[in-house]
Every structure is written in structure tokens, then in C-alpha cells.
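Novice: Supplied structure: data_38.cif, mmCIF, C-alpha atoms.
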data_entry
loop_
_atom_site.label_atom_id
_atom_site.label_comp_id
_atom_site.auth_asym_id
_atom_site.auth_seq_id
_atom_site.Cartn_x
_atom_site.Cartn_y
_atom_site.Cartn_z
CA MET A 1 43.26 -69.55 22.13
CA ARG A 2 44.45 -70.40 18.62
CA LEU A 3 47.67 -68.75 17.51
CA PHE A 4 48.86 -67.18 14.28
CA GLU A 5 51.54 -69.04 12.34
CA THR A 6 53.57 -67.57 9.49
CA LEU A 7 53.08 -69.89 6.50
CA VAL A 8 54.61 -67.98 3.59
CA THR A 9 56.58 -64.75 3.45
CA ARG A 10 57.40 -63.64 -0.05
CA PRO A 11 57.50 -59.84 -0.11
CA PRO A 12 55.37 -57.96 -0.62
CA PHE A 13 52.99 -60.77 0.37
CA HIS A 14 52.80 -62.21 3.88
CA ILE A 15 50.44 -65.04 4.74
CA GLN A 16 49.66 -66.10 8.28
CA GLY A 17 47.45 -69.00 9.26
CA ILE A 18 45.33 -70.20 12.15
CA ALA A 19 44.65 -73.93 12.17
CA GLY A 20 41.22 -75.34 12.93
CA GLY A 21 39.46 -78.68 12.97
CA SER A 22 36.87 -77.92 10.30
CA GLU A 23 37.26 -78.84 6.63
CA ASP A 24 36.23 -75.26 5.77
CA LEU A 25 38.87 -72.65 5.08
CA VAL A 26 38.46 -68.87 5.02
CA ILE A 27 41.08 -66.73 3.29
CA ALA A 28 40.89 -63.12 4.47
CA PHE A 29 42.65 -60.44 2.43
CA ALA A 30 43.70 -57.25 4.20
CA SER A 31 42.87 -53.73 3.05
CA ILE A 32 45.52 -51.00 2.85
CA GLY A 33 45.33 -50.42 6.62
CA HIS A 34 45.66 -47.19 8.56
CA ASP A 35 49.44 -46.80 8.80
CA PRO A 36 51.24 -46.56 5.44
CA SER A 37 54.61 -47.10 7.14
CA ARG A 38 53.65 -50.60 8.28
CA ALA A 39 52.31 -53.70 6.60
CA PRO A 40 48.54 -54.17 6.90
CA SER A 41 47.24 -56.29 9.77
CA PRO A 42 45.09 -59.44 9.54
CA GLU A 43 41.38 -58.69 9.17
CA PHE A 44 38.12 -60.59 9.87
CA VAL A 45 39.99 -62.80 12.34
CA ARG A 46 37.10 -63.68 14.68
CA SER A 47 34.57 -64.37 11.94
CA ALA A 48 37.04 -66.27 9.76
CA THR A 49 38.00 -68.67 12.55
CA ALA A 50 34.50 -69.19 13.98
CA ARG A 51 33.09 -72.74 13.99
CA ASP A 52 36.65 -74.09 14.31
CA ARG A 53 37.46 -73.08 10.74
CA SER A 54 41.03 -72.80 9.54
CA ALA A 55 41.96 -69.42 8.14
CA LEU A 56 44.66 -67.77 6.07
CA PHE A 57 45.33 -64.05 6.37
CA VAL A 58 46.93 -62.38 3.36
CA MET A 59 48.69 -59.02 3.65
CA ASP A 60 50.03 -57.04 0.69
CA GLU A 61 52.74 -54.74 2.06
CA ALA A 62 53.13 -52.93 -1.28
CA ARG A 63 49.39 -52.22 -1.55
CA SER A 64 49.61 -53.53 -5.10
CA TRP A 65 45.96 -54.59 -5.37
CA ALA A 66 47.27 -58.16 -5.76
CA THR A 67 49.20 -57.26 -8.92
CA ALA A 68 52.73 -57.66 -7.55
CA GLU A 69 54.74 -60.59 -8.85
CA GLY A 70 54.20 -63.82 -6.99
CA PHE A 71 50.61 -63.31 -5.84
CA ALA A 72 49.24 -66.53 -7.34
CA ASP A 73 52.26 -68.67 -6.40
CA THR A 74 52.26 -67.38 -2.83
CA LEU A 75 48.58 -68.24 -2.41
CA ARG A 76 49.04 -71.71 -3.87
CA ASP A 77 52.05 -72.40 -1.63
CA ALA A 78 50.15 -71.37 1.51
CA LEU A 79 47.15 -73.50 0.57
CA GLU A 80 49.33 -76.51 -0.22
CA ALA A 81 51.12 -76.14 3.12
CA LEU A 82 47.78 -76.23 4.91
CA GLN A 83 46.41 -79.10 2.82
CA ALA A 84 49.47 -81.18 3.68
CA ARG A 85 48.24 -81.17 7.27
CA GLN A 86 44.48 -81.42 6.93
CA LYS A 87 41.62 -81.95 4.53
CA ILE A 88 40.07 -78.81 3.05
CA SER A 89 36.70 -79.24 1.34
CA ARG A 90 35.36 -75.71 0.94
CA ILE A 91 37.20 -72.40 0.61
CA LEU A 92 35.84 -68.87 0.93
CA ALA A 93 37.70 -65.63 0.25
CA ILE A 94 36.70 -62.39 1.95
CA GLY A 95 38.03 -58.87 1.97
CA SER A 96 37.14 -55.20 2.13
CA SER A 97 38.28 -52.48 -0.31
CA MET A 98 41.70 -53.52 -1.67
CA GLY A 99 41.22 -56.82 0.15
CA ALA A 100 37.96 -57.40 -1.72
CA PHE A 101 39.70 -56.72 -5.03
CA ALA A 102 42.40 -59.24 -4.04
CA ALA A 103 39.77 -61.81 -3.07
CA LEU A 104 38.29 -61.57 -6.57
CA ARG A 105 41.73 -61.97 -8.11
CA ALA A 106 42.35 -65.02 -5.90
CA ALA A 107 39.31 -66.66 -7.47
CA GLN A 108 41.27 -66.77 -10.72
CA THR A 109 43.91 -68.94 -9.04
CA LEU A 110 42.36 -71.02 -6.26
CA PRO A 111 39.43 -73.48 -6.28
CA LEU A 112 37.15 -71.22 -4.26
CA THR A 113 33.61 -72.04 -3.22
CA ALA A 114 32.60 -68.41 -2.71
CA VAL A 115 33.85 -64.83 -2.48
CA LEU A 116 32.49 -62.10 -0.21
CA ALA A 117 33.75 -58.79 -1.62
CA ILE A 118 32.94 -55.75 0.52
CA SER A 119 33.49 -52.37 -1.18
CA PRO A 120 35.72 -53.68 -3.98
CA GLN A 121 36.99 -51.19 -6.52
CA TYR A 122 36.22 -52.05 -10.12
CA GLN A 123 38.83 -49.66 -11.51
CA PRO A 124 41.11 -48.64 -8.62
CA ALA A 125 43.55 -46.57 -10.68
CA ALA A 126 41.03 -44.67 -12.79
CA LYS A 127 41.93 -41.01 -13.38
CA TRP A 128 38.58 -39.96 -11.92
CA GLU A 129 39.24 -41.91 -8.69
CA PRO A 130 41.48 -39.94 -6.26
CA ARG A 131 40.85 -41.82 -3.03
CA TRP A 132 43.83 -44.23 -3.17
CA ARG A 133 46.05 -42.25 -5.50
CA GLU A 134 49.05 -42.57 -3.14
CA TRP A 135 49.12 -46.28 -3.94
CA THR A 136 47.29 -46.65 -7.24
CA GLN A 137 49.36 -44.15 -9.24
CA LYS A 138 51.78 -47.02 -9.91
CA LEU A 139 49.02 -49.25 -11.27
CA PRO A 140 47.75 -49.30 -14.84
CA GLU A 141 44.64 -47.21 -15.30
CA THR A 142 43.09 -50.10 -17.21
CA LEU A 143 43.31 -52.48 -14.22
CA THR A 144 39.83 -53.84 -13.46
CA ALA A 145 38.38 -56.30 -10.99
CA PRO A 146 37.80 -59.78 -12.38
CA LEU A 147 34.53 -61.65 -11.93
CA PRO A 148 35.64 -65.27 -12.41
CA GLN A 149 33.10 -67.92 -13.31
CA GLY A 150 32.82 -70.85 -10.92
CA PRO A 151 32.66 -69.65 -7.31
CA TYR A 152 29.60 -67.90 -5.96
CA LEU A 153 30.30 -64.16 -5.80
CA CYS A 154 28.66 -61.58 -3.56
CA LEU A 155 29.60 -57.93 -4.04
CA MET A 156 28.59 -55.25 -1.53
CA HIS A 157 28.84 -51.47 -1.90
CA GLY A 158 27.84 -48.39 0.06
CA LEU A 159 26.23 -45.86 -2.25
CA GLN A 160 27.17 -42.73 -0.31
CA ASP A 161 30.52 -42.56 -2.09
CA ASP A 162 30.95 -45.83 -4.00
CA ALA A 163 28.18 -45.62 -6.60
CA ALA A 164 30.61 -44.80 -9.42
CA GLN A 165 32.71 -47.89 -8.73
CA ALA A 166 29.69 -50.11 -8.01
CA THR A 167 27.85 -49.38 -11.24
CA LEU A 168 30.87 -50.37 -13.32
CA PHE A 169 30.60 -54.00 -12.22
CA PRO A 170 28.81 -55.90 -14.99
CA PRO A 171 25.99 -58.33 -14.20
CA GLN A 172 27.02 -61.96 -14.14
CA LYS A 173 25.28 -65.23 -13.48
CA GLY A 174 26.23 -66.58 -10.07
CA CYS A 175 26.97 -63.12 -8.70
CA ASP A 176 24.75 -61.15 -6.31
CA HIS A 177 25.38 -57.42 -5.95
CA VAL A 178 23.96 -55.77 -2.83
CA LEU A 179 23.85 -51.99 -2.39
CA PHE A 180 23.57 -50.04 0.87
CA ALA A 181 22.09 -46.56 0.49
CA GLN A 182 23.07 -45.47 4.00
CA GLN A 183 26.67 -46.72 3.97
CA ALA A 184 29.95 -45.48 2.48
CA HIS A 185 33.09 -47.24 1.27
CA ALA A 186 34.78 -47.08 4.66
CA THR A 187 31.71 -47.74 6.81
CA LEU A 188 30.21 -50.83 5.17
CA ALA A 189 32.55 -53.47 6.61
CA PRO A 190 32.44 -51.94 10.13
CA HIS A 191 28.64 -51.77 9.83
CA LEU A 192 28.42 -55.50 9.09
CA LYS A 193 30.95 -56.34 11.81
CA ALA A 194 29.21 -54.22 14.45
CA ARG A 195 25.94 -56.05 13.81
CA GLY A 196 27.69 -59.42 14.15
CA LEU A 197 26.74 -60.48 10.63
CA VAL A 198 30.02 -61.50 9.02
CA GLU A 199 30.08 -64.99 10.53
CA GLY A 200 26.58 -65.67 9.22
CA LEU A 201 27.50 -64.36 5.79
CA ILE A 202 30.47 -66.71 5.68
CA ASP A 203 28.31 -69.66 6.78
CA ALA A 204 25.67 -68.90 4.15
CA ALA A 205 28.17 -68.36 1.34
CA LEU A 206 30.08 -71.56 2.08
CA SER A 207 26.85 -73.57 2.05
CA GLN A 208 25.61 -71.76 -1.09
CA ASP A 209 22.52 -70.60 0.81
CA ARG A 210 21.79 -67.45 -1.21
CA ARG A 211 18.40 -66.90 0.40
CA ARG A 212 19.91 -66.75 3.86
CA LEU A 213 22.79 -64.56 2.72
CA LEU A 214 20.53 -62.05 0.99
CA ARG A 215 18.15 -62.06 3.95
CA ILE A 216 21.04 -61.16 6.27
CA LEU A 217 22.16 -58.33 4.01
CA GLN A 218 18.64 -57.00 3.51
CA GLY A 219 18.18 -56.92 7.27
CA ALA A 220 21.32 -54.78 7.48
CA GLY A 221 19.93 -52.25 5.01
CA GLY A 222 21.12 -53.74 1.74
CA LYS A 223 19.13 -54.03 -1.45
CA ARG A 224 19.94 -56.38 -4.29
CA ARG A 225 20.97 -54.47 -7.37
CA GLN A 226 18.30 -54.45 -10.02
CA LEU A 227 19.65 -53.99 -13.51
CA PRO A 228 17.75 -52.73 -16.57
CA ARG A 229 16.27 -55.47 -18.74
#
With the file now loaded, output its structure as C-alpha cells.
Specialist:
Amino acid sequence: MRLFETLVTRPPFHIQGIAGGSEDLVIAFASIGHDPSRAPSPEFVRSATARDRSALFVMDEARSWATAEGFADTLRDALEALQARQKISRILAIGSSMGAFAALRAAQTLPLTAVLAISPQYQPAAKWEPRWREWTQKLPETLTAPLPQGPYLCLMHGLQDDAAQATLFPPQKGCDHVLFAQQAHATLAPHLKARGLVEGLIDAALSQDRRRLLRILQGAGGKRRQLPR
């Protein structure tokens, strides 16, 4: 059994790692969690560390949507600490909800191969969006999710309650956007986990196998977003 190791603690960010023998690295960003009185817990642990991959688990205790000071430096320090021990060739970021937003922001800082963003908010602090108001009221209303050029991006949304956020994401080359008519914001990640699909999604994204990735998502009920010409 591989153990967690604290690599960087720089409040509000806490990064734990699990070492592996593969040259692939998965960075998993936590969502807000279920207990506001405690820091979020690591997420996607089993899938991130499959195939002997190394993994970093990033928790944002302030639930700042990766806007708190030190986000970029903390990520870089954790990656450098890991790279001092082993070779890293490919890096994938994954997260759900706030974690997905943070994964997209990480792509502005780190040399990522791919990002899997499940239920990311495009505009988390919008006046019309009440769902995370406890945390987002401190954020600027104009805060939006970035879509950095370079890494392959895959966005996933459940349309039962996330259509308003999903449709705000602009089309971009190198980005697939998959919509799930039967899923909601909070059910999409559990749906993919329950079907045992996250490991395969990570494998496909790291290898840039879009056909396989989209086939997996379509089999789970997803449909690639078709935009007006």
C-alpha cells in the first residue's frame, strides 16, 4: 500500500503526494468537500495512482477557486520536489466542480499534457448562481474559468442543473465538451466513478487518444457538444 506524503503546506493550499514508478503524474484537485469546518480531502485517489502513477492531491482550505495568493508557486514547488526524485514525462490534471476550475487554472502554470474537468463552473461567483454563495461571495463576479492553449482539455457537464454554466464555455480548438442529459452537477463525477471509467479516461487523455476518451464518455451517456456553425 502506497502512503500519502505531505509535500507542500502553504495555507490555504495543502499538497500531498503518493510516489509511483511510472513517468506519468496525475494532479487531482479537491472540490469544496462536505464539511465546511474542515479542509477538503484528497479525491480520485484510486484512479490517479493506478498503473503505478505518481499523484499529487491539492486541497484549497479557503475554497478560493484557486485564486488565493500562492496557488501557482505552491504547485510549482510540489512538482519540483517530485521531479527532484524521479522523471516525469506526462502530467494530467483532474478535478470536479471547484477542483475542475482549479485544474483549468493549473494549466496556466504547469506544463500539462491534458486536463479532465468534471462539472467546472465557468463563472462561479455570478449573481445568478446561488449554489456556492457561501464561498463565492468573496470572489469577483467577473472571475471566469480559463481555457489555456496547449494541453488537451476535456470538459464534462450534467445538464440537469449545469446547463447555464456549461453553455458559457466558448468553443476552442483542442477542447472537447461532453454533455450528460441525465446527470447533474453533483452526480456526474460519482456516475463516472461508479462505472469504473475514470482510470480509462486518465489513460486516454494522457495518451491523447481522443477517440477512446469520447467513446468511454458516450458509453456513459455523454454527448459531444455540437455548436452552431
Novice: Given all atoms listed in the file as the basis, pick out the residue of A:Trp65, A:Gly70, A:Val178, A:Ala93 nearest to A:Leu159.
Specialist: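 The shortest atom-to-atom distance to A:Leu159 comes from A:Val178.
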Novice: Measure the distance from atom CA of A:Thr113 to atom CA of A:Gly20 in Å and round it to one decimal.
Specialist: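 Taking atom CA of A:Thr113 and atom CA of A:Gly20, their separation equals 18.2 Å.
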Novice: Do you know which residues are at most 12 Å from A:Arg2 counting only C-alpha atoms, after dropping those on the same chain fewer than 3 positions away, and could you put them as an NGL selection string?
Specialist: :A and (5 or 17-21 or 45-46 or 49-50 or 52-55)
Novice: Using C-alpha atoms, can you write the selected residues to a file as a PDB file, keeping the file's coordinate frame?
Specialist:
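Contents of selection13.pdb, freshly written:
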ATOM      1  CA  GLU A   5      51.540 -69.040  12.340  1.00  0.00           C
ATOM      2  CA  GLY A  17      47.450 -69.000   9.260  1.00  0.00           C
ATOM      3  CA  ILE A  18      45.330 -70.200  12.150  1.00  0.00           C
ATOM      4  CA  ALA A  19      44.650 -73.930  12.170  1.00  0.00           C
ATOM      5  CA  GLY A  20      41.220 -75.340  12.930  1.00  0.00           C
ATOM      6  CA  GLY A  21      39.460 -78.680  12.970  1.00  0.00           C
ATOM      7  CA  VAL A  45      39.990 -62.800  12.340  1.00  0.00           C
ATOM      8  CA  ARG A  46      37.100 -63.680  14.680  1.00  0.00           C
ATOM      9  CA  THR A  49      38.000 -68.670  12.550  1.00  0.00           C
ATOM     10  CA  ALA A  50      34.500 -69.190  13.980  1.00  0.00           C
ATOM     11  CA  ASP A  52      36.650 -74.090  14.310  1.00  0.00           C
ATOM     12  CA  ARG A  53      37.460 -73.080  10.740  1.00  0.00           C
ATOM     13  CA  SER A  54      41.030 -72.800   9.540  1.00  0.00           C
ATOM     14  CA  ALA A  55      41.960 -69.420   8.140  1.00  0.00           C
TER      15      ALA A  55
END
Novice: Evaluate the PyMOL selection byres ((chain A and resi 123-135) around 8) on the structure here and hand back the selected residues as a list in words.
Specialist: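 Taken on the displayed file, the PyMOL selection byres ((chain A and resi 123-135) around 8) yields the residues Arg63, Ser64, Gln121, Tyr122, Thr136, Gln137, Lys138, Leu139, Pro140, Glu141, Thr142, Leu143, Thr144, Ala145 and Gln165 of chain A.
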Novice: Need the shell around stretch 31-39 of chain A: protein/DNA/RNA residues with any atom at most 12 Å away, counting all atoms listed in the file. Skip same-chain ones fewer than 5 positions apart. Format as a PyMOL selection string?
Specialist: chain A and resi 11-15+44+57-66+94-103+117-121+131-132+134-136+185-186+189
Novice: With C-alpha atoms retained, write the just-selected residues as a compact mmCIF listing (two decimals), in the coordinates of the input.
Specialist:
# COMPACT_ATOMS: atom_id res chain seq x y z
CA PRO A 11 57.50 -59.84 -0.11
CA PRO A 12 55.37 -57.96 -0.62
CA PHE A 13 52.99 -60.77 0.37
CA HIS A 14 52.80 -62.21 3.88
CA ILE A 15 50.44 -65.04 4.74
CA PHE A 44 38.12 -60.59 9.87
CA PHE A 57 45.33 -64.05 6.37
CA VAL A 58 46.93 -62.38 3.36
CA MET A 59 48.69 -59.02 3.65
CA ASP A 60 50.03 -57.04 0.69
CA GLU A 61 52.74 -54.74 2.06
CA ALA A 62 53.13 -52.93 -1.28
CA ARG A 63 49.39 -52.22 -1.55
CA SER A 64 49.61 -53.53 -5.10
CA TRP A 65 45.96 -54.59 -5.37
CA ALA A 66 47.27 -58.16 -5.76
CA ILE A 94 36.70 -62.39 1.95
CA GLY A 95 38.03 -58.87 1.97
CA SER A 96 37.14 -55.20 2.13
CA SER A 97 38.28 -52.48 -0.31
CA MET A 98 41.70 -53.52 -1.67
CA GLY A 99 41.22 -56.82 0.15
CA ALA A 100 37.96 -57.40 -1.72
CA PHE A 101 39.70 -56.72 -5.03
CA ALA A 102 42.40 -59.24 -4.04
CA ALA A 103 39.77 -61.81 -3.07
CA ALA A 117 33.75 -58.79 -1.62
CA ILE A 118 32.94 -55.75 0.52
CA SER A 119 33.49 -52.37 -1.18
CA PRO A 120 35.72 -53.68 -3.98
CA GLN A 121 36.99 -51.19 -6.52
CA ARG A 131 40.85 -41.82 -3.03
CA TRP A 132 43.83 -44.23 -3.17
CA GLU A 134 49.05 -42.57 -3.14
CA TRP A 135 49.12 -46.28 -3.94
CA THR A 136 47.29 -46.65 -7.24
CA HIS A 185 33.09 -47.24 1.27
CA ALA A 186 34.78 -47.08 4.66
CA ALA A 189 32.55 -53.47 6.61
Novice: Of the residues A:Asp176, A:Gly150, A:Glu23, A:Leu110, which is the one nearest to A:Arg211, using all atoms listed in the file?
Specialist: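 Result for the nearest residue to A:Arg211: A:Asp176.
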Novice: Do you know which residues are at most 9 Å from A:Leu56 counting all atoms listed in the file, after dropping those on the same chain fewer than 3 positions away, and could you put them as a list of chain:residue names?
Specialist: A:Leu7, A:Ile15, A:Gln16, A:Gly17, A:Ile18, A:Ala19, A:Leu25, A:Val26, A:Ile27, A:Ala28, A:Phe29, A:Ala48, A:Ala78, A:Leu79
Novice: Filtering to C-alpha atoms, could you give me those residues as a short mmCIF file (atom, residue, chain, number, x, y, z; two decimals), in the coordinates of the input?
Specialist:
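So the final result, stored in again_11.cif, reads:
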data_model
loop_
_atom_site.label_atom_id
_atom_site.label_comp_id
_atom_site.auth_asym_id
_atom_site.auth_seq_id
_atom_site.Cartn_x
_atom_site.Cartn_y
_atom_site.Cartn_z
CA LEU A 7 53.08 -69.89 6.50
CA ILE A 15 50.44 -65.04 4.74
CA GLN A 16 49.66 -66.10 8.28
CA GLY A 17 47.45 -69.00 9.26
CA ILE A 18 45.33 -70.20 12.15
CA ALA A 19 44.65 -73.93 12.17
CA LEU A 25 38.87 -72.65 5.08
CA VAL A 26 38.46 -68.87 5.02
CA ILE A 27 41.08 -66.73 3.29
CA ALA A 28 40.89 -63.12 4.47
CA PHE A 29 42.65 -60.44 2.43
CA ALA A 48 37.04 -66.27 9.76
CA ALA A 78 50.15 -71.37 1.51
CA LEU A 79 47.15 -73.50 0.57
#
Novice: Ranking A:Arg212, A:Thr187, A:Val198, A:Ala204 by minimum distance to A:Glu43 and counting only C-alpha atoms, which one comes first?
Specialist: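 Checking each candidate against A:Glu43, we get A:Val198 as the closest.
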Novice: What does the distance from atom CA of A:Arg225 to atom CA of A:Thr67 come to in Å, to one decimal?
Specialist: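 Taking atom CA of A:Arg225 as the start and atom CA of A:Thr67 as the end point, the length is 28.4 Å.
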Novice: Given the file above and the PyMOL selection byres ((chain A and resi 157) around 6), which residues are selected, and can you give them as a list in words?
Specialist: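 This file, filtered by the PyMOL selection byres ((chain A and resi 157) around 6), leaves Ser119, Met156, Gly158 and Leu179 of chain A.
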Novice: State, in Å with one decimal place, the distance from atom CA of A:Leu192 to atom CA of A:Ala220.
Specialist: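 Atom CA of A:Ala220 lies at a distance of 7.3 Å from atom CA of A:Leu192.
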Novice: Rank nothing, just name the residue among A:Leu217, A:Cys154, A:Cys175, A:Leu3 nearest to A:His191, using only C-alpha atoms.
Specialist: A:Leu217
Novice: A:Leu104, A:Ala81, A:Ile216, A:Leu147: which is nearest A:Phe169, counting only C-alpha atoms?
Specialist: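 Result for the nearest residue to A:Phe169: A:Leu147.
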Novice: Restricting the calculation to all atoms listed in the file, which member of A:Thr6, A:Ala106, A:Gly200, A:Asp161 is positioned closest to A:Arg51?
Specialist: A:Gly200
